[in-house]
Amino acid sequence: MSSLSTANNSDERGLSKIGVGLRHPHYKEALLGTSSIDFVEIHAENFFAEGGMLPELLSDIALQYPISLHSTSMGLGSAVGINGDYLQRLKQLSQQINPILISDHACFTWSNINGKSVHAGDLLPLEFTQQSLQVMVDNVNQVQQLLGRQILVENLSAYVEFNFSDMSETEFLSELVDKTGCGLLVDLNNLLVNARNFSDQKPLTVARKWLREIPANAVGEIHLAGFTKVKEGELIIDDHSQPVSPECWLLYRDAVALFGAVTTLIEWDNNLPSWSTLLDQATKARSISTEVHYDTGRLSYAV
């Protein structure tokens with residue numbers, strides 16, 4: 001995979017690039033171009049349509065900001081493969097805007113029913129087995145060769161666990177990186193949600209251990225988000241409807257210390273706040289990343 005192009009994680013100062021997810025209620029304010037963010041993320045599928053105002057809108061956005069393409073429908077773990085029409089639309093969009101990053105999830109979404117390609121409408125979890133890994137490897141290789149560049153694969157917020165997995169999630173993702181040359185998008189909120197839903201240990205303890213088990217040099221992006229609180233014992237849904245949680249900010253400090261100046265996104269999809277509130281979250285991420293970066297630099301110099 002050495003011929004595939006990869007993105008630079010940091011800005012010209014060696015600090016993390018900080019961005020926000022751009023959703024349609026914020027288009028007008030974002031296009032004013034007065035924000036201090038380094039990039040915006042868009043959901044690729046929202047811009048697949050041809051004609052109308054979308055291509056022009058996307059061109060306007062691209063004039064203001066570098067763009068990260070985040071897909072939610074590729075289904076990289078789908079045993080039937082990835083829908084060919086989907087991949088061609090993604091390739092066309094990528095060629096149009098030359099995104100700084102392209103990412104999707106470690107999940108499956110596609111199946112065949114009565115000879116027709118059907119999408120599940122959700123991100124469905126994988127068994128962490130050699131068979132599932134080979135499916136992911138084949139699909140990721142196909143996508144990267146088609147796009148001519150590296151993609152990032154995100155850890156999933158899942159709501160069931162399989163008893164017949166024969167490796168851990170971190171082992172699965174580490175082997176995927178080794179076999180395909182892909183990068184990882186580490187969603188810190190997903191780690192905390194899964195830890196709360198499936199572990200008796202403290203979520204931060206579980207998440208910190210997870211971070212130490214993946215290849216640090218493979219991490220190309222970090223997602224920060226929040227979730228709606230539930231009663232004790234109830235299942236937490238990763239709804240991206242709240243500010244980044246205090247636990248997630250603490251975990252972000254650990255992640256920056258481990259992985260360095262990694263591109264970072266504030267992800268907020270439901271119960272959207274004002275544009276200024278979203279930018280405040282980005283400012284906090286920048287402050288934490290910069291502080292950890294310089295603290296780590298001083299420690300290295302002292303040693």
# chains A, B, ... in the order shown; residues from 1 in each chain; ligands from 1
>>> residues_around(residues="Gly81 in chain A", least_positions_apart="2", cutoff="9 Å", atoms="only C-alpha atoms", output="list in words")
Gly75, Leu76, Gly77, Ser78, Ala79, Asn83, Gly84, Trp110, Ser111, Val135, Asp138 and Asn139 of chain A
>>> write_last_selection(atoms="N, CA and C atoms", output="mmCIF file, in the first residue's frame")
data_model
loop_
_atom_site.group_PDB
_atom_site.id
_atom_site.type_symbol
_atom_site.label_atom_id
_atom_site.label_comp_id
_atom_site.auth_asym_id
_atom_site.auth_seq_id
_atom_site.Cartn_x
_atom_site.Cartn_y
_atom_site.Cartn_z
ATOM 1 N N GLY A 75 -19.900 0.327 4.674
ATOM 2 C CA GLY A 75 -20.024 -1.054 5.131
ATOM 3 C C GLY A 75 -18.765 -1.852 4.872
ATOM 4 N N LEU A 76 -17.632 -1.395 5.396
ATOM 5 C CA LEU A 76 -16.341 -2.011 5.100
ATOM 6 C C LEU A 76 -16.244 -3.469 5.550
ATOM 7 N N GLY A 77 -17.093 -3.869 6.480
ATOM 8 C CA GLY A 77 -17.070 -5.258 6.942
ATOM 9 C C GLY A 77 -18.127 -6.131 6.314
ATOM 10 N N SER A 78 -18.764 -5.673 5.248
ATOM 11 C CA SER A 78 -19.846 -6.427 4.603
ATOM 12 C C SER A 78 -19.288 -7.597 3.800
ATOM 13 N N ALA A 79 -19.743 -8.810 4.117
ATOM 14 C CA ALA A 79 -19.227 -10.008 3.450
ATOM 15 C C ALA A 79 -19.594 -10.045 1.974
ATOM 16 N N ASN A 83 -21.271 -1.890 -2.237
ATOM 17 C CA ASN A 83 -22.058 -1.534 -3.397
ATOM 18 C C ASN A 83 -21.225 -0.727 -4.394
ATOM 19 N N GLY A 84 -21.180 -1.186 -5.650
ATOM 20 C CA GLY A 84 -20.343 -0.552 -6.661
ATOM 21 C C GLY A 84 -20.769 0.857 -7.003
ATOM 22 N N TRP A 110 -24.100 -3.871 4.194
ATOM 23 C CA TRP A 110 -24.673 -4.378 2.954
ATOM 24 C C TRP A 110 -24.938 -5.878 3.020
ATOM 25 N N SER A 111 -26.028 -6.302 2.365
ATOM 26 C CA SER A 111 -26.321 -7.716 2.180
ATOM 27 C C SER A 111 -27.068 -7.878 0.870
ATOM 28 N N VAL A 135 -12.521 -10.273 5.372
ATOM 29 C CA VAL A 135 -13.517 -9.487 4.641
ATOM 30 C C VAL A 135 -13.148 -8.012 4.689
ATOM 31 N N ASP A 138 -10.033 -7.242 2.513
ATOM 32 C CA ASP A 138 -10.339 -7.217 1.083
ATOM 33 C C ASP A 138 -11.082 -5.939 0.698
ATOM 34 N N ASN A 139 -12.050 -5.558 1.509
ATOM 35 C CA ASN A 139 -12.854 -4.370 1.189
ATOM 36 C C ASN A 139 -12.047 -3.080 1.324
#
>>> residues_around(residues="range 31-35 of chain A", least_positions_apart="4", cutoff="10 Å", atoms="only C-alpha atoms", output="PyMOL selection string")
chain A and resi 26-27+39+57+60-65+275-276+279
>>> select_by_dssp(residues="range 230-299 of chain A", states="strand (DSSP E)", output="VMD selection string")
chain A and resid 263 to 266
>>> write_last_selection(atoms="all heavy atoms", output="PDB file, in the first residue's frame")
ATOM      1  N   THR A 263      -5.221  15.138  14.046  1.00  0.00           N
ATOM      2  CA  THR A 263      -6.397  15.858  13.587  1.00  0.00           C
ATOM      3  C   THR A 263      -7.596  15.501  14.457  1.00  0.00           C
ATOM      4  O   THR A 263      -7.846  14.323  14.719  1.00  0.00           O
ATOM      5  CB  THR A 263      -6.694  15.506  12.120  1.00  0.00           C
ATOM      6  OG1 THR A 263      -5.579  15.883  11.321  1.00  0.00           O
ATOM      7  CG2 THR A 263      -7.938  16.207  11.622  1.00  0.00           C
ATOM      8  N   THR A 264      -8.332  16.505  14.910  1.00  0.00           N
ATOM      9  CA  THR A 264      -9.395  16.297  15.890  1.00  0.00           C
ATOM     10  C   THR A 264     -10.691  16.956  15.441  1.00  0.00           C
ATOM     11  O   THR A 264     -10.691  18.100  14.987  1.00  0.00           O
ATOM     12  CB  THR A 264      -8.977  16.875  17.262  1.00  0.00           C
ATOM     13  OG1 THR A 264      -7.791  16.207  17.708  1.00  0.00           O
ATOM     14  CG2 THR A 264     -10.084  16.696  18.289  1.00  0.00           C
ATOM     15  N   LEU A 265     -11.798  16.228  15.606  1.00  0.00           N
ATOM     16  CA  LEU A 265     -13.109  16.726  15.181  1.00  0.00           C
ATOM     17  C   LEU A 265     -14.102  16.724  16.334  1.00  0.00           C
ATOM     18  O   LEU A 265     -14.186  15.755  17.087  1.00  0.00           O
ATOM     19  CB  LEU A 265     -13.674  15.851  14.059  1.00  0.00           C
ATOM     20  CG  LEU A 265     -15.030  16.338  13.550  1.00  0.00           C
ATOM     21  CD1 LEU A 265     -14.855  17.263  12.358  1.00  0.00           C
ATOM     22  CD2 LEU A 265     -15.959  15.195  13.217  1.00  0.00           C
ATOM     23  N   ILE A 266     -14.860  17.814  16.455  1.00  0.00           N
ATOM     24  CA  ILE A 266     -16.013  17.853  17.341  1.00  0.00           C
ATOM     25  C   ILE A 266     -17.215  17.342  16.553  1.00  0.00           C
ATOM     26  O   ILE A 266     -17.578  17.918  15.528  1.00  0.00           O
ATOM     27  CB  ILE A 266     -16.296  19.285  17.851  1.00  0.00           C
ATOM     28  CG1 ILE A 266     -15.065  19.853  18.570  1.00  0.00           C
ATOM     29  CG2 ILE A 266     -17.520  19.289  18.759  1.00  0.00           C
ATOM     30  CD1 ILE A 266     -14.673  19.110  19.837  1.00  0.00           C
TER      31      ILE A 266
END
>>> closest_residue(among="A:Leu15, A:Leu146, A:Leu133, A:Val262", to="Ala218 in chain A", atoms="only C-alpha atoms")
A:Val262
>>> select_by_dssp(residues="range 71-130 of chain A", states="helix (DSSP H, G or I)", output="PDB file with N, CA, C and O atoms, in the first residue's frame")
ATOM      1  N   GLY A  84     -21.180  -1.186  -5.650  1.00  0.00           N
ATOM      2  CA  GLY A  84     -20.343  -0.552  -6.661  1.00  0.00           C
ATOM      3  C   GLY A  84     -20.769   0.857  -7.003  1.00  0.00           C
ATOM      4  O   GLY A  84     -19.924   1.734  -7.213  1.00  0.00           O
ATOM      5  N   ASP A  85     -22.074   1.098  -7.053  1.00  0.00           N
ATOM      6  CA  ASP A  85     -22.562   2.436  -7.340  1.00  0.00           C
ATOM      7  C   ASP A  85     -22.146   3.403  -6.238  1.00  0.00           C
ATOM      8  O   ASP A  85     -21.749   4.542  -6.505  1.00  0.00           O
ATOM      9  N   TYR A  86     -22.210   2.933  -4.982  1.00  0.00           N
ATOM     10  CA  TYR A  86     -21.787   3.754  -3.849  1.00  0.00           C
ATOM     11  C   TYR A  86     -20.323   4.159  -4.011  1.00  0.00           C
ATOM     12  O   TYR A  86     -19.958   5.328  -3.841  1.00  0.00           O
ATOM     13  N   LEU A  87     -19.479   3.186  -4.338  1.00  0.00           N
ATOM     14  CA  LEU A  87     -18.047   3.472  -4.438  1.00  0.00           C
ATOM     15  C   LEU A  87     -17.747   4.457  -5.565  1.00  0.00           C
ATOM     16  O   LEU A  87     -16.877   5.321  -5.420  1.00  0.00           O
ATOM     17  N   GLN A  88     -18.446   4.344  -6.665  1.00  0.00           N
ATOM     18  CA  GLN A  88     -18.209   5.276  -7.770  1.00  0.00           C
ATOM     19  C   GLN A  88     -18.624   6.697  -7.385  1.00  0.00           C
ATOM     20  O   GLN A  88     -17.956   7.666  -7.755  1.00  0.00           O
ATOM     21  N   ARG A  89     -19.720   6.820  -6.653  1.00  0.00           N
ATOM     22  CA  ARG A  89     -20.154   8.145  -6.209  1.00  0.00           C
ATOM     23  C   ARG A  89     -19.152   8.739  -5.216  1.00  0.00           C
ATOM     24  O   ARG A  89     -18.863   9.940  -5.247  1.00  0.00           O
ATOM     25  N   LEU A  90     -18.625   7.876  -4.342  1.00  0.00           N
ATOM     26  CA  LEU A  90     -17.619   8.347  -3.387  1.00  0.00           C
ATOM     27  C   LEU A  90     -16.358   8.787  -4.114  1.00  0.00           C
ATOM     28  O   LEU A  90     -15.760   9.824  -3.773  1.00  0.00           O
ATOM     29  N   LYS A  91     -15.937   8.030  -5.103  1.00  0.00           N
ATOM     30  CA  LYS A  91     -14.747   8.394  -5.877  1.00  0.00           C
ATOM     31  C   LYS A  91     -14.948   9.731  -6.589  1.00  0.00           C
ATOM     32  O   LYS A  91     -14.066  10.593  -6.576  1.00  0.00           O
ATOM     33  N   GLN A  92     -16.115   9.912  -7.193  1.00  0.00           N
ATOM     34  CA  GLN A  92     -16.398  11.164  -7.891  1.00  0.00           C
ATOM     35  C   GLN A  92     -16.370  12.348  -6.937  1.00  0.00           C
ATOM     36  O   GLN A  92     -15.812  13.406  -7.253  1.00  0.00           O
ATOM     37  N   LEU A  93     -16.964  12.168  -5.757  1.00  0.00           N
ATOM     38  CA  LEU A  93     -16.973  13.240  -4.765  1.00  0.00           C
ATOM     39  C   LEU A  93     -15.563  13.549  -4.288  1.00  0.00           C
ATOM     40  O   LEU A  93     -15.180  14.717  -4.124  1.00  0.00           O
ATOM     41  N   SER A  94     -14.774  12.509  -4.058  1.00  0.00           N
ATOM     42  CA  SER A  94     -13.396  12.694  -3.616  1.00  0.00           C
ATOM     43  C   SER A  94     -12.587  13.460  -4.653  1.00  0.00           C
ATOM     44  O   SER A  94     -11.793  14.347  -4.315  1.00  0.00           O
ATOM     45  N   GLN A  95     -12.762  13.128  -5.913  1.00  0.00           N
ATOM     46  CA  GLN A  95     -12.038  13.828  -6.974  1.00  0.00           C
ATOM     47  C   GLN A  95     -12.480  15.283  -7.082  1.00  0.00           C
ATOM     48  O   GLN A  95     -11.686  16.153  -7.448  1.00  0.00           O
ATOM     49  N   GLN A  96     -13.742  15.549  -6.739  1.00  0.00           N
ATOM     50  CA  GLN A  96     -14.263  16.908  -6.848  1.00  0.00           C
ATOM     51  C   GLN A  96     -13.656  17.838  -5.810  1.00  0.00           C
ATOM     52  O   GLN A  96     -13.329  18.989  -6.106  1.00  0.00           O
ATOM     53  N   ILE A  97     -13.494  17.343  -4.558  1.00  0.00           N
ATOM     54  CA  ILE A  97     -13.088  18.246  -3.479  1.00  0.00           C
ATOM     55  C   ILE A  97     -11.713  17.952  -2.898  1.00  0.00           C
ATOM     56  O   ILE A  97     -11.208  18.724  -2.089  1.00  0.00           O
ATOM     57  N   GLN A 130     -11.010 -14.133  12.381  1.00  0.00           N
ATOM     58  CA  GLN A 130     -10.144 -14.093  11.205  1.00  0.00           C
ATOM     59  C   GLN A 130     -10.966 -13.981   9.926  1.00  0.00           C
ATOM     60  O   GLN A 130     -10.550 -13.326   8.968  1.00  0.00           O
TER      61      GLN A 130
END
>>> closest_atom_pairs(of="range 180-260 of chain A", to="range 269-272 of chain A", cutoff="8 Å", atoms="only C-alpha atoms", output="CSV")
residue,atom,partner,partner_atom,distance
A:Asp239,CA,A:Asn270,CA,6.8
A:His240,CA,A:Asp269,CA,5.4
A:Ser241,CA,A:Asn270,CA,4.5
A:Gln242,CA,A:Asn271,CA,7.4
>>> decode(residues="range 237-253 of chain A", atoms="N, CA, C and O atoms", output="mmCIF file, in the first residue's frame")
data_model
loop_
_atom_site.group_PDB
_atom_site.id
_atom_site.type_symbol
_atom_site.label_atom_id
_atom_site.label_comp_id
_atom_site.auth_asym_id
_atom_site.auth_seq_id
_atom_site.Cartn_x
_atom_site.Cartn_y
_atom_site.Cartn_z
ATOM 1 N N ILE A 237 -27.044 5.247 24.291
ATOM 2 C CA ILE A 237 -27.009 5.367 22.837
ATOM 3 C C ILE A 237 -26.061 6.496 22.457
ATOM 4 O O ILE A 237 -26.117 7.593 23.009
ATOM 5 N N ASP A 238 -25.209 6.208 21.516
ATOM 6 C CA ASP A 238 -24.233 7.193 21.042
ATOM 7 C C ASP A 238 -24.941 8.154 20.085
ATOM 8 O O ASP A 238 -24.838 8.032 18.866
ATOM 9 N N ASP A 239 -25.652 9.137 20.660
ATOM 10 C CA ASP A 239 -26.526 9.978 19.831
ATOM 11 C C ASP A 239 -25.913 11.311 19.407
ATOM 12 O O ASP A 239 -26.532 12.062 18.651
ATOM 13 N N HIS A 240 -24.718 11.628 19.882
ATOM 14 C CA HIS A 240 -24.043 12.883 19.484
ATOM 15 C C HIS A 240 -24.969 14.081 19.653
ATOM 16 O O HIS A 240 -25.058 14.939 18.780
ATOM 17 N N SER A 241 -25.611 14.149 20.805
ATOM 18 C CA SER A 241 -26.602 15.209 21.020
ATOM 19 C C SER A 241 -26.246 16.148 22.156
ATOM 20 O O SER A 241 -27.049 17.006 22.526
ATOM 21 N N GLN A 242 -25.040 15.990 22.710
ATOM 22 C CA GLN A 242 -24.641 16.761 23.886
ATOM 23 C C GLN A 242 -23.215 17.281 23.707
ATOM 24 O O GLN A 242 -22.477 16.824 22.833
ATOM 25 N N PRO A 243 -22.799 18.228 24.554
ATOM 26 C CA PRO A 243 -21.387 18.648 24.529
ATOM 27 C C PRO A 243 -20.473 17.473 24.842
ATOM 28 O O PRO A 243 -20.896 16.457 25.414
ATOM 29 N N VAL A 244 -19.228 17.603 24.480
ATOM 30 C CA VAL A 244 -18.230 16.598 24.842
ATOM 31 C C VAL A 244 -18.231 16.429 26.353
ATOM 32 O O VAL A 244 -18.202 17.412 27.103
ATOM 33 N N SER A 245 -18.279 15.185 26.807
ATOM 34 C CA SER A 245 -18.396 14.931 28.246
ATOM 35 C C SER A 245 -17.076 15.187 28.959
ATOM 36 O O SER A 245 -15.998 15.128 28.346
ATOM 37 N N PRO A 246 -17.125 15.461 30.274
ATOM 38 C CA PRO A 246 -15.878 15.644 31.032
ATOM 39 C C PRO A 246 -14.934 14.452 30.908
ATOM 40 O O PRO A 246 -13.717 14.627 30.797
ATOM 41 N N GLU A 247 -15.497 13.227 30.937
ATOM 42 C CA GLU A 247 -14.661 12.033 30.778
ATOM 43 C C GLU A 247 -13.968 12.019 29.416
ATOM 44 O O GLU A 247 -12.806 11.631 29.306
ATOM 45 N N CYS A 248 -14.678 12.436 28.401
ATOM 46 C CA CYS A 248 -14.110 12.434 27.056
ATOM 47 C C CYS A 248 -12.974 13.451 26.940
ATOM 48 O O CYS A 248 -11.965 13.185 26.281
ATOM 49 N N TRP A 249 -13.124 14.610 27.586
ATOM 50 C CA TRP A 249 -12.027 15.583 27.588
ATOM 51 C C TRP A 249 -10.794 15.016 28.288
ATOM 52 O O TRP A 249 -9.657 15.211 27.825
ATOM 53 N N LEU A 250 -10.991 14.309 29.403
ATOM 54 C CA LEU A 250 -9.861 13.692 30.098
ATOM 55 C C LEU A 250 -9.182 12.653 29.214
ATOM 56 O O LEU A 250 -7.947 12.575 29.153
ATOM 57 N N LEU A 251 -9.999 11.862 28.519
ATOM 58 C CA LEU A 251 -9.448 10.834 27.643
ATOM 59 C C LEU A 251 -8.719 11.465 26.464
ATOM 60 O O LEU A 251 -7.719 10.920 25.973
ATOM 61 N N TYR A 252 -9.185 12.623 26.019
ATOM 62 C CA TYR A 252 -8.519 13.324 24.922
ATOM 63 C C TYR A 252 -7.098 13.727 25.308
ATOM 64 O O TYR A 252 -6.169 13.638 24.501
ATOM 65 N N ARG A 253 -6.919 14.163 26.541
ATOM 66 C CA ARG A 253 -5.562 14.493 27.011
ATOM 67 C C ARG A 253 -4.645 13.272 26.894
ATOM 68 O O ARG A 253 -3.497 13.376 26.431
#
